[in-house]
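Shown next: input.csv, given as CSV, C-alpha atoms and all ligand atoms.
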```
chain,number,residue,atom,x,y,z
A,27,MET,CA,-17.4,-21.6,-38.7
A,28,SER,CA,-18.5,-19.2,-36.0
A,29,GLU,CA,-16.0,-16.4,-35.7
A,30,VAL,CA,-17.0,-15.4,-32.2
A,31,LEU,CA,-16.8,-19.0,-31.0
A,32,GLU,CA,-13.3,-19.5,-32.5
A,33,LEU,CA,-12.1,-16.3,-30.8
A,34,THR,CA,-13.7,-17.2,-27.5
A,35,LYS,CA,-11.9,-20.5,-27.6
A,36,GLU,CA,-8.5,-18.8,-28.4
A,37,LEU,CA,-9.0,-16.6,-25.3
A,38,VAL,CA,-10.2,-19.4,-23.0
A,39,LYS,CA,-7.1,-21.4,-23.8
A,40,ARG,CA,-4.9,-18.7,-22.2
A,41,GLU,CA,-4.7,-19.3,-18.5
A,42,SER,CA,-5.1,-15.7,-17.5
A,43,ILE,CA,-5.9,-15.9,-13.8
A,44,THR,CA,-5.9,-12.4,-12.2
A,45,PRO,CA,-3.6,-10.4,-12.7
A,46,LEU,CA,-2.3,-12.3,-15.7
A,47,ASP,CA,-3.4,-11.6,-19.2
A,48,GLU,CA,-1.3,-14.3,-21.0
A,49,GLY,CA,-1.5,-12.7,-24.4
A,50,CYS,CA,-5.3,-12.2,-24.6
A,51,GLN,CA,-5.0,-8.5,-25.1
A,52,ASP,CA,-2.2,-8.9,-27.7
A,53,LEU,CA,-4.5,-11.2,-29.6
A,54,VAL,CA,-7.3,-8.7,-29.5
A,55,ALA,CA,-5.0,-5.8,-30.3
A,56,THR,CA,-3.6,-7.5,-33.4
A,57,ARG,CA,-7.1,-8.0,-34.8
A,58,LEU,CA,-8.1,-4.4,-34.0
A,59,LYS,CA,-4.9,-3.0,-35.5
A,60,LYS,CA,-5.8,-4.6,-38.8
A,61,LEU,CA,-9.0,-2.7,-38.8
A,62,GLY,CA,-7.2,0.6,-38.2
A,63,PHE,CA,-7.7,0.9,-34.5
A,64,ALA,CA,-5.1,3.0,-32.6
A,65,ILE,CA,-3.7,0.8,-29.9
A,66,LYS,CA,-2.3,1.7,-26.5
A,67,HIS,CA,-1.1,-0.8,-24.0
A,68,LEU,CA,-1.2,0.7,-20.5
A,69,PRO,CA,0.4,-1.7,-18.1
A,70,PHE,CA,0.3,-0.8,-14.4
A,71,GLY,CA,2.2,-3.0,-11.9
A,72,GLU,CA,1.5,-6.6,-12.9
A,73,VAL,CA,-1.7,-5.7,-14.7
A,74,SER,CA,-2.2,-5.5,-18.5
A,75,ASN,CA,-4.6,-2.9,-19.9
A,76,LEU,CA,-5.6,-2.0,-23.4
A,77,TRP,CA,-7.1,1.1,-24.8
A,78,ALA,CA,-8.0,0.9,-28.5
A,79,THR,CA,-9.8,3.6,-30.5
A,80,TYR,CA,-11.3,3.8,-34.0
A,81,GLY,CA,-12.6,6.8,-35.9
A,82,LYS,CA,-13.0,10.4,-35.0
A,83,GLY,CA,-15.9,12.5,-33.8
A,84,GLU,CA,-17.4,14.2,-30.8
A,85,LYS,CA,-18.9,11.2,-29.1
A,86,THR,CA,-17.1,8.1,-27.8
A,87,LEU,CA,-18.7,4.7,-27.3
A,88,THR,CA,-16.5,2.4,-25.2
A,89,LEU,CA,-16.9,-1.4,-24.9
A,90,LEU,CA,-15.5,-2.4,-21.5
A,91,GLY,CA,-14.3,-5.8,-20.6
A,92,HIS,CA,-11.7,-7.9,-18.7
A,93,THR,CA,-9.4,-10.7,-19.9
A,94,ASP,CA,-8.6,-12.1,-16.4
A,95,VAL,CA,-10.5,-15.0,-14.9
A,96,VAL,CA,-11.0,-16.3,-11.4
A,97,PRO,CA,-9.2,-19.5,-10.3
A,98,THR,CA,-10.6,-22.8,-11.4
A,99,GLY,CA,-11.2,-24.5,-8.0
A,100,PRO,CA,-10.4,-28.3,-7.9
A,101,ILE,CA,-9.6,-29.1,-11.5
A,102,GLU,CA,-10.6,-32.8,-11.1
A,103,LYS,CA,-14.2,-31.6,-10.5
A,104,TRP,CA,-14.4,-30.1,-14.0
A,105,THR,CA,-15.8,-32.3,-16.8
A,106,ASN,CA,-13.1,-31.0,-19.1
A,107,ASP,CA,-9.9,-29.1,-18.5
A,108,PRO,CA,-11.0,-25.5,-17.8
A,109,PHE,CA,-8.4,-24.1,-20.2
A,110,GLU,CA,-9.3,-26.6,-22.9
A,111,PRO,CA,-12.4,-25.0,-24.4
A,112,THR,CA,-14.9,-27.8,-25.1
A,113,GLU,CA,-18.3,-27.8,-26.9
A,114,ARG,CA,-21.1,-29.9,-25.5
A,115,ASP,CA,-24.9,-29.7,-25.9
A,116,GLY,CA,-24.7,-26.3,-27.6
A,117,LEU,CA,-22.5,-24.9,-24.8
A,118,LEU,CA,-18.9,-23.9,-24.7
A,119,PHE,CA,-17.3,-24.9,-21.5
A,120,GLY,CA,-14.1,-23.3,-20.0
A,121,ARG,CA,-13.0,-20.9,-17.3
A,122,GLY,CA,-13.9,-17.4,-18.5
A,123,ALA,CA,-16.3,-18.6,-21.3
A,124,ALA,CA,-19.1,-16.5,-19.7
A,125,ASP,CA,-17.2,-14.2,-17.5
A,126,MET,CA,-16.2,-12.7,-19.8
A,127,LYS,CA,-14.0,-13.8,-22.6
A,128,GLY,CA,-17.1,-14.6,-24.7
A,129,SER,CA,-18.2,-11.0,-24.4
A,130,VAL,CA,-14.7,-9.8,-25.3
A,131,ALA,CA,-14.7,-12.0,-28.4
A,132,ALA,CA,-18.2,-10.6,-29.3
A,133,PHE,CA,-16.8,-7.0,-28.9
A,134,VAL,CA,-14.0,-7.8,-31.4
A,135,VAL,CA,-16.2,-9.6,-34.0
A,136,ALA,CA,-18.9,-6.9,-33.7
A,137,ALA,CA,-16.2,-4.2,-34.2
A,138,GLU,CA,-14.8,-6.0,-37.2
A,139,GLU,CA,-18.2,-6.1,-38.9
A,140,PHE,CA,-18.9,-2.5,-38.1
A,141,CYS,CA,-15.6,-1.1,-39.2
A,142,LYS,CA,-15.8,-2.9,-42.6
A,143,LYS,CA,-19.1,-1.4,-43.2
A,144,ASN,CA,-18.4,2.1,-41.7
A,145,PRO,CA,-14.9,3.3,-42.6
A,146,ASN,CA,-15.8,6.8,-41.4
A,147,PRO,CA,-18.2,6.4,-38.4
A,148,ASN,CA,-20.0,9.3,-36.9
A,149,GLY,CA,-18.1,9.1,-33.6
A,150,ARG,CA,-15.4,7.1,-32.0
A,151,LEU,CA,-15.5,3.4,-31.1
A,152,SER,CA,-13.2,2.3,-28.4
A,153,ILE,CA,-12.4,-1.0,-26.6
A,154,MET,CA,-11.0,-1.0,-23.0
A,155,LEU,CA,-9.7,-4.2,-21.5
A,156,THR,CA,-8.0,-4.9,-18.2
A,157,SER,CA,-6.6,-8.0,-16.5
A,158,ASP,CA,-7.5,-6.8,-13.0
A,159,GLU,CA,-11.3,-6.9,-12.7
A,160,GLU,CA,-11.6,-10.1,-10.6
A,161,GLY,CA,-8.8,-9.1,-8.3
A,162,PRO,CA,-8.1,-6.0,-6.2
A,163,ALA,CA,-9.0,-3.7,-9.2
A,164,LYS,CA,-6.3,-1.2,-8.2
A,165,ASP,CA,-4.1,-1.2,-11.4
A,166,GLY,CA,-6.9,-1.8,-13.9
A,167,VAL,CA,-9.7,0.4,-15.1
A,168,ARG,CA,-9.3,2.7,-12.0
A,169,LYS,CA,-5.8,3.7,-13.3
A,170,VAL,CA,-6.6,3.6,-17.0
A,171,ILE,CA,-9.5,6.0,-16.5
A,172,LYS,CA,-7.3,8.4,-14.5
A,173,TYR,CA,-4.7,8.3,-17.2
A,174,LEU,CA,-7.3,9.0,-19.9
A,175,THR,CA,-9.0,11.8,-18.0
A,176,ASP,CA,-5.7,13.5,-17.4
A,177,LEU,CA,-5.2,13.4,-21.2
A,178,GLY,CA,-8.6,15.1,-21.6
A,179,GLU,CA,-10.3,12.0,-23.0
A,180,LYS,CA,-14.0,11.6,-22.4
A,181,ILE,CA,-16.3,8.6,-22.7
A,182,ASP,CA,-20.0,9.3,-23.5
A,183,TRP,CA,-21.4,5.8,-23.5
A,184,CYS,CA,-19.9,2.7,-21.9
A,185,LEU,CA,-21.2,-0.7,-22.7
A,186,VAL,CA,-19.9,-3.3,-20.2
A,187,GLY,CA,-19.9,-7.0,-21.3
A,188,GLU,CA,-20.3,-8.5,-17.8
A,189,PRO,CA,-22.7,-11.5,-17.6
A,190,THR,CA,-26.0,-10.0,-16.7
A,191,ALA,CA,-28.7,-12.4,-18.0
A,192,GLU,CA,-30.6,-14.6,-15.6
A,193,LYS,CA,-32.6,-17.1,-17.6
A,194,ARG,CA,-32.1,-16.2,-21.3
A,195,LEU,CA,-30.0,-13.6,-23.1
A,196,GLY,CA,-31.4,-10.1,-22.8
A,197,ASP,CA,-33.8,-10.7,-19.9
A,198,VAL,CA,-31.7,-8.5,-17.5
A,199,ILE,CA,-29.3,-5.6,-18.1
A,200,LYS,CA,-27.7,-3.5,-15.4
A,201,ILE,CA,-28.0,0.2,-15.3
A,202,GLY,CA,-26.3,0.8,-11.9
A,203,ARG,CA,-24.5,-0.9,-9.1
A,204,ARG,CA,-24.3,-0.4,-5.4
A,205,GLY,CA,-21.1,1.0,-3.8
A,206,SER,CA,-19.2,-0.9,-1.2
A,207,ILE,CA,-17.2,0.2,1.8
A,208,ASN,CA,-15.2,-1.9,4.3
A,209,GLY,CA,-14.4,-0.8,7.8
A,210,GLU,CA,-12.0,-2.3,10.4
A,211,ILE,CA,-12.5,-1.0,14.0
A,212,ASN,CA,-10.3,-1.6,17.0
A,213,ILE,CA,-11.6,-0.9,20.4
A,214,ARG,CA,-9.1,-0.8,23.2
A,215,GLY,CA,-9.6,-1.7,26.8
A,216,ILE,CA,-7.2,-2.8,29.6
A,217,GLN,CA,-6.3,-6.5,29.9
A,218,GLY,CA,-6.5,-8.0,33.3
A,219,HIS,CA,-7.5,-10.9,35.6
A,220,ALA,CA,-11.2,-11.8,35.5
A,221,ALA,CA,-11.2,-11.9,39.3
A,222,TYR,CA,-10.0,-8.3,39.5
A,223,PRO,CA,-12.2,-6.5,37.0
A,224,HIS,CA,-11.7,-3.1,38.8
A,225,ASN,CA,-8.1,-3.3,37.6
A,226,ALA,CA,-9.1,-3.9,34.0
A,227,GLU,CA,-11.4,-2.5,31.3
A,228,ASN,CA,-13.3,-5.1,29.2
A,229,PRO,CA,-13.8,-3.8,25.6
A,230,ILE,CA,-16.5,-6.5,25.0
A,231,HIS,CA,-18.6,-5.0,27.8
A,232,THR,CA,-17.8,-1.3,27.1
A,233,SER,CA,-18.7,-1.7,23.4
A,234,SER,CA,-21.8,-3.8,23.7
A,235,GLU,CA,-24.3,-0.9,23.6
A,236,ALA,CA,-22.4,0.8,20.7
A,237,LEU,CA,-22.4,-2.5,18.8
A,238,ASN,CA,-26.1,-2.8,19.2
A,239,GLU,CA,-26.5,0.7,17.6
A,240,ILE,CA,-24.0,-0.1,14.9
A,241,VAL,CA,-25.8,-3.3,13.8
A,242,ALA,CA,-29.1,-1.4,13.6
A,243,LEU,CA,-27.7,1.1,11.1
A,244,GLN,CA,-29.5,1.4,7.8
A,245,TRP,CA,-30.2,4.0,5.3
A,246,PRO,CA,-33.3,4.1,3.0
A,247,ASP,CA,-32.8,4.3,-0.7
A,248,GLU,CA,-34.5,7.3,-2.2
A,249,SER,CA,-34.1,6.5,-5.9
A,250,GLY,CA,-36.5,3.5,-5.9
A,251,GLN,CA,-33.9,1.7,-7.9
A,252,PHE,CA,-31.8,0.1,-5.2
A,253,PRO,CA,-32.4,-1.9,-1.9
A,254,ASP,CA,-31.8,0.1,1.3
A,255,SER,CA,-28.2,0.3,2.5
A,256,VAL,CA,-27.7,-2.1,5.4
A,257,LEU,CA,-24.6,-2.5,7.5
A,258,GLN,CA,-23.2,-6.0,8.1
A,259,VAL,CA,-20.6,-6.9,10.7
A,260,SER,CA,-18.6,-9.7,9.1
A,261,ASN,CA,-16.0,-10.4,11.7
A,262,ILE,CA,-15.6,-9.9,15.4
A,263,LYS,CA,-12.6,-10.9,17.5
A,264,SER,CA,-11.7,-10.5,21.1
A,265,GLY,CA,-10.3,-12.5,24.0
A,266,THR,CA,-7.2,-14.7,24.6
A,267,GLY,CA,-9.1,-18.0,24.7
A,268,ALA,CA,-8.7,-18.2,28.5
A,269,HIS,CA,-11.7,-18.0,30.9
A,270,ASN,CA,-9.9,-15.9,33.4
A,271,VAL,CA,-8.4,-13.1,31.3
A,272,ILE,CA,-10.3,-9.9,30.5
A,273,PRO,CA,-9.3,-9.0,26.9
A,274,GLY,CA,-7.4,-5.8,26.1
A,275,GLU,CA,-8.8,-5.3,22.7
A,276,LEU,CA,-11.8,-6.0,20.5
A,277,SER,CA,-11.7,-5.8,16.7
A,278,LEU,CA,-14.4,-6.0,14.2
A,279,LYS,CA,-14.8,-5.8,10.4
A,280,LEU,CA,-17.9,-4.5,8.7
A,281,ASN,CA,-19.2,-3.9,5.1
A,282,VAL,CA,-21.9,-1.8,3.7
A,283,ARG,CA,-23.3,-2.1,0.2
A,284,TYR,CA,-24.8,1.3,-0.4
A,285,SER,CA,-27.1,3.1,-2.8
A,286,PRO,CA,-26.4,6.5,-4.3
A,287,SER,CA,-28.7,8.0,-1.7
A,288,ILE,CA,-25.7,8.0,0.7
A,289,SER,CA,-21.9,8.2,0.4
A,290,SER,CA,-19.2,6.3,2.1
A,291,GLN,CA,-18.7,9.4,4.3
A,292,THR,CA,-22.3,8.9,5.6
A,293,VAL,CA,-21.3,5.4,6.8
A,294,ILE,CA,-18.0,6.5,8.4
A,295,GLU,CA,-19.7,9.4,10.2
A,296,ALA,CA,-22.5,7.3,11.6
A,297,VAL,CA,-20.2,4.5,12.9
A,298,GLU,CA,-17.6,6.7,14.3
A,299,GLY,CA,-20.3,9.0,15.8
A,300,ILE,CA,-21.7,6.0,17.8
A,301,LEU,CA,-18.3,5.0,19.0
A,302,GLN,CA,-17.5,8.5,20.1
A,303,LYS,CA,-20.9,9.0,21.8
A,304,HIS,CA,-20.1,5.9,23.9
A,305,LYS,CA,-16.6,7.3,24.7
A,306,LEU,CA,-14.8,4.3,23.4
A,307,ASN,CA,-11.1,4.4,22.8
A,308,PHE,CA,-11.0,3.2,19.2
A,309,SER,CA,-9.2,3.5,15.9
A,310,ALA,CA,-10.9,2.9,12.5
A,311,GLU,CA,-9.6,2.1,9.0
A,312,TRP,CA,-11.9,2.5,6.0
A,313,GLU,CA,-11.6,1.3,2.4
A,314,ASP,CA,-14.0,2.6,-0.1
A,315,SER,CA,-14.0,0.0,-3.0
A,316,GLY,CA,-16.1,2.0,-5.4
A,317,ALA,CA,-18.9,4.5,-5.4
A,318,PRO,CA,-22.4,3.5,-6.5
A,319,PHE,CA,-23.7,4.6,-9.8
A,320,LEU,CA,-27.1,4.8,-11.6
A,321,THR,CA,-27.5,5.7,-15.3
A,322,THR,CA,-30.5,7.9,-15.6
A,323,SER,CA,-29.9,9.3,-19.1
A,324,THR,CA,-31.7,7.0,-21.5
A,325,THR,CA,-29.7,7.1,-24.8
A,326,LEU,CA,-27.6,4.0,-24.2
A,327,ILE,CA,-30.3,2.2,-22.2
A,328,ASP,CA,-32.9,2.6,-24.9
A,329,CYS,CA,-30.4,1.6,-27.6
A,330,ALA,CA,-29.4,-1.5,-25.7
A,331,ILE,CA,-33.0,-2.6,-25.1
A,332,GLU,CA,-34.0,-1.9,-28.7
A,333,SER,CA,-31.1,-4.0,-29.9
A,334,ILE,CA,-31.9,-6.8,-27.5
A,335,THR,CA,-35.5,-7.0,-28.5
A,336,ASN,CA,-34.6,-6.9,-32.1
A,337,VAL,CA,-32.1,-9.8,-31.9
A,338,THR,CA,-33.6,-12.0,-29.2
A,339,GLY,CA,-37.3,-11.2,-29.2
A,340,VAL,CA,-37.2,-10.5,-25.5
A,341,ASN,CA,-39.8,-7.7,-24.9
A,342,GLU,CA,-39.4,-7.1,-21.2
A,343,VAL,CA,-35.9,-6.3,-20.4
A,344,GLU,CA,-35.3,-5.8,-16.7
A,345,GLN,CA,-33.2,-2.8,-15.7
A,346,SER,CA,-31.4,-4.1,-12.6
A,347,THR,CA,-29.0,-2.6,-10.1
A,348,ALA,CA,-28.4,-5.8,-8.1
A,349,GLY,CA,-25.3,-7.9,-7.6
A,350,GLY,CA,-21.7,-6.9,-6.7
A,351,THR,CA,-19.6,-4.2,-8.1
A,352,SER,CA,-18.2,-4.0,-11.7
A,353,ASP,CA,-15.6,-1.8,-13.4
A,354,GLY,CA,-18.5,0.4,-14.5
A,355,ARG,CA,-18.0,2.1,-11.1
A,356,PHE,CA,-14.8,3.7,-12.4
A,357,ILE,CA,-16.3,5.0,-15.6
A,358,ALA,CA,-19.6,6.3,-14.3
A,359,PRO,CA,-18.1,9.1,-12.2
A,360,THR,CA,-16.6,10.7,-15.4
A,361,GLY,CA,-20.2,11.4,-16.5
A,362,SER,CA,-20.5,8.5,-19.0
A,363,GLU,CA,-23.7,6.6,-19.3
A,364,VAL,CA,-22.9,3.0,-18.2
A,365,VAL,CA,-25.0,-0.1,-19.2
A,366,GLU,CA,-24.0,-3.7,-18.7
A,367,VAL,CA,-25.2,-6.3,-21.2
A,368,GLY,CA,-23.8,-9.8,-21.3
A,369,PRO,CA,-24.5,-13.6,-21.3
A,370,LEU,CA,-26.1,-15.7,-18.6
A,371,ASN,CA,-24.5,-15.5,-15.2
A,372,ALA,CA,-25.7,-18.8,-13.8
A,373,SER,CA,-22.3,-20.6,-14.2
A,374,ILE,CA,-19.8,-17.8,-13.6
A,375,HIS,CA,-17.0,-18.4,-11.1
A,376,LYS,CA,-18.3,-22.1,-10.8
A,377,ILE,CA,-16.9,-25.5,-11.8
A,378,ASP,CA,-17.9,-26.2,-15.5
A,379,GLU,CA,-18.5,-22.5,-16.4
A,380,ALA,CA,-20.1,-22.3,-19.8
A,381,VAL,CA,-21.7,-20.0,-22.3
A,382,SER,CA,-24.4,-20.8,-24.9
A,383,ILE,CA,-22.9,-20.8,-28.4
A,384,GLU,CA,-26.1,-19.5,-30.0
A,385,GLU,CA,-26.4,-16.7,-27.4
A,386,LEU,CA,-22.8,-15.8,-28.1
A,387,GLU,CA,-23.7,-15.2,-31.7
A,388,MET,CA,-26.8,-13.2,-30.7
A,389,LEU,CA,-24.7,-11.2,-28.2
A,390,THR,CA,-22.3,-10.2,-31.1
A,391,GLU,CA,-25.3,-9.1,-33.1
A,392,ILE,CA,-26.6,-7.0,-30.1
A,393,TYR,CA,-23.3,-5.3,-29.7
A,394,GLY,CA,-23.1,-4.7,-33.4
A,395,LYS,CA,-26.5,-3.0,-33.4
A,396,VAL,CA,-25.7,-0.8,-30.4
A,397,ILE,CA,-22.4,0.3,-32.1
A,398,THR,CA,-24.2,1.0,-35.4
A,399,LYS,CA,-27.1,2.9,-33.8
A,400,LEU,CA,-24.8,5.2,-31.8
A,401,LEU,CA,-22.1,5.8,-34.3
A,402,THR,CA,-23.8,6.1,-37.7
A,501,ZN,ZN,-16.6,-10.4,-15.0
```
Would you mind giving the structure from this file in structure tokens?
Ligand SMILES: [Zn+2]
Amino acid sequence: MSEVLELTKELVKRESITPLDEGCQDLVATRLKKLGFAIKHLPFGEVSNLWATYGKGEKTLTLLGHTDVVPTGPIEKWTNDPFEPTERDGLLFGRGAADMKGSVAAFVVAAEEFCKKNPNPNGRLSIMLTSDEEGPAKDGVRKVIKYLTDLGEKIDWCLVGEPTAEKRLGDVIKIGRRGSINGEINIRGIQGHAAYPHNAENPIHTSSEALNEIVALQWPDESGQFPDSVLQVSNIKSGTGAHNVIPGELSLKLNVRYSPSISSQTVIEAVEGILQKHKLNFSAEWEDSGAPFLTTSTTLIDCAIESITNVTGVNEVEQSTAGGTSDGRFIAPTGSEVVEVGPLNASIHKIDEAVSIEELEMLTEIYGKVITKLLT
């Protein structure tokens, strides 16, 4: 009987679509409490969060994960019920099996094995879980880390269990992520009759040169670890639908995925600078959904790679910064090393999401080795 498989199934059965947790964290907390973990439930709004710590010592290793899952999509397209975990061909199918209830189960089983062998570790092991990773991520790790920082808590190493592998377990880990900023710009003109343009001001016409400059914006990456930062206009809207009406307003939405070579302020100043230069009457709203990070200290990276090679035999572990954002973005600014190691990401968010049962076992072993190396 595989312990990590059984626990993953128990978690997958709970229909915890963001921001719901549906008892996942209670299940984890009950098992950790038995080991002697101190348990703190930190709910914010509708979101459940868990902070569990074991042992004392100067350094803290945090295993970071989420218990929420994305919606299933059309349920009739699934081979089995997405919340009825099902084994087939060496895989476990179910929503969240790979992203990331399997990793959460692996955290727990690895912690159980570690604590039994090391009643007095040389440092502190903690597990942080949220039910708001897949959603707006406002009441999850963002709030938990603020709460902990206010208490004077500090994390030294943060191992995130997000699915990072591409073809086989251990081939890719993440050591950084890009930042993301959204902008919404409104450019005002004067609405009028197309036959009397001198009585109107067409924002499509007045903004066209500025838009040309805005879409050409890009910033080179200087770290050599990220792609260049490129601006993308994702929506543009103007006009009433009639041929003979000059619109009074033009609105556009844009997004930039950016490397640590620039900040969100760089983007804001560049875009607004162009709009001002062209003397446009505009308003702009910005939402920074997380700063970029890059882990440059090597303790956790080396430890993760060594453990991966040891367990899986993979010798060339790619250290990637690609993909979207993760909750690591909230931990990295506190000064913690952040590394993401998890199962294959090929099926995540899809119909028939699945995780390899054998790799789940190996993942548990990898986490166990990382914990042991850092805390003994
Ligand atoms: Zn995830």
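Nearest residue to A:Val381 among A:His67, A:Lys60, A:His224, A:Arg114 is A:Arg114, counting only C-alpha atoms.
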Between atom CA of A:Leu243 and atom CA of A:Pro273, what is the spacing in Å?
-> 26.3 Å
Extract, using all atoms listed in the file, all DNA, RNA and protein residues at most 6 Å from stretch 164-175 of chain A, discarding same-chain residues fewer than 4 positions from it, and format them as a compact mmCIF listing (two decimals) with C-alpha atoms, in the frame of the given file.
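Wrote it out as part_16.txt, contents follow:
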```txt
# COMPACT_ATOMS: atom_id res chain seq x y z
CA PHE A 70 0.30 -0.80 -14.40
CA THR A 156 -8.00 -4.90 -18.20
CA ASP A 158 -7.50 -6.80 -13.00
CA GLU A 179 -10.30 12.00 -23.00
CA PHE A 356 -14.80 3.70 -12.40
```
In terms of the shortest atom-to-atom distance over only C-alpha atoms and all ligand atoms, which of A:Glu275, A:Glu384, A:Glu159, A:Asp247 is closest to ligand ZN 501 (chain A)?
->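 Going through A:Glu275, A:Glu384, A:Glu159, A:Asp247 one by one, the smallest distance to ligand ZN 501 (chain A) is for A:Glu159.
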Please report as CSV every residue of chain A lying within 7 Å of ligand ZN 501 (chain A), along with the nearest atom pair and their distance in Å (one decimal), using only C-alpha atoms and all ligand atoms.
```
residue,atom,partner,partner_atom,distance
A:His92,CA,A:ZN501,ZN,6.6
A:Asp125,CA,A:ZN501,ZN,4.6
A:Met126,CA,A:ZN501,ZN,5.3
A:Glu159,CA,A:ZN501,ZN,6.8
A:Glu160,CA,A:ZN501,ZN,6.7
A:Glu188,CA,A:ZN501,ZN,5.0
A:Pro189,CA,A:ZN501,ZN,6.7
```
Determine the nearest neighbour of A:Leu33 from the options A:Ile331, A:Val134, A:Val293, A:Ala226, counting only C-alpha atoms.
->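 Residue with the minimum atom-to-atom distance to A:Leu33: A:Val134.
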Closest to A:Leu389 among A:Arg194, A:Lys103, A:Lys85, A:Lys143, using all atoms listed in the file?
->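 Under the stated criterion, the closest residue is A:Arg194.
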Looking at A:Ser28, A:Pro69, A:Arg214, A:Asp176, which one is nearest to A:His231, with distances taken over all atoms listed in the file?
->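 Among the listed residues, A:Arg214 lies closest to A:His231.
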Separation of atom CA of A:Lys395 and atom CA of A:Lys142, in Å?
->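 Rounded to one decimal, the two atoms are 14.1 Å apart.
Nearest-residue note for A:Ala268: choosing from A:Gln291, A:Leu89, A:Pro318, A:His219, the minimum distance belongs to A:His219, counting only C-alpha atoms.
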May I have the residues at most 12 Å from (-17.1, -22.2, -16.8) in the file's coordinates, counting all atoms listed in the file, as a ChimeraX atom specification?
-> /A:38,95-99,101,103-113,117-128,370-382
Atom-to-atom span, atom CA of A:Met154 and atom CA of A:Leu76, Å = 5.5 Å
Non-local contacts of A:Arg150 (7 Å; only C-alpha atoms; under 2 positions in same chain excluded) as JSON, numbers by chain = {"A": [79, 80, 81, 82, 83, 85, 86, 87, 152]}
Could you give me, as a ChimeraX atom specification, the residues within 9 Å of A:Lys303, counting all atoms listed in the file and dropping anything in the same chain fewer than 4 positions from it?
-> /A:236,298-299
Kindly extract all protein, DNA and RNA residues lying within 10 Å of the coordinates (-3.6, -17.5, -25.0) given in the file, considering all atoms listed in the file, and supply them as a PyMOL selection string.
-> chain A and resi 35-42+47-53+109
Quick one: everything within 12 Å of A:Trp312, counting only C-alpha atoms, minus sequence neighbours fewer than 5 positions away in the same chain. Send it as a list in words.
->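 Residues near the query, excluding close chain neighbours: Ser206, Ile207, Asn208, Gly209, Glu210, Ile211, Asn212, Lys279, Leu280, Asn281, Val282, Ser290, Gln291, Val293, Ile294, Glu295, Val297 and Glu298 of chain A.
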Could you pull the residues within 8 Å of stretch 357-365 of chain A, counting only C-alpha atoms, minus those fewer than 5 positions along the same chain, as a list in words?
->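 Residues near the query, excluding close chain neighbours: Ile171, Lys180, Ile181, Asp182, Trp183, Cys184, Leu185, Val186, Ile199, Lys200, Ile201, Gly202, Phe319, Thr321, Thr322, Ser323, Leu326, Ile327 and Ala330 of chain A.
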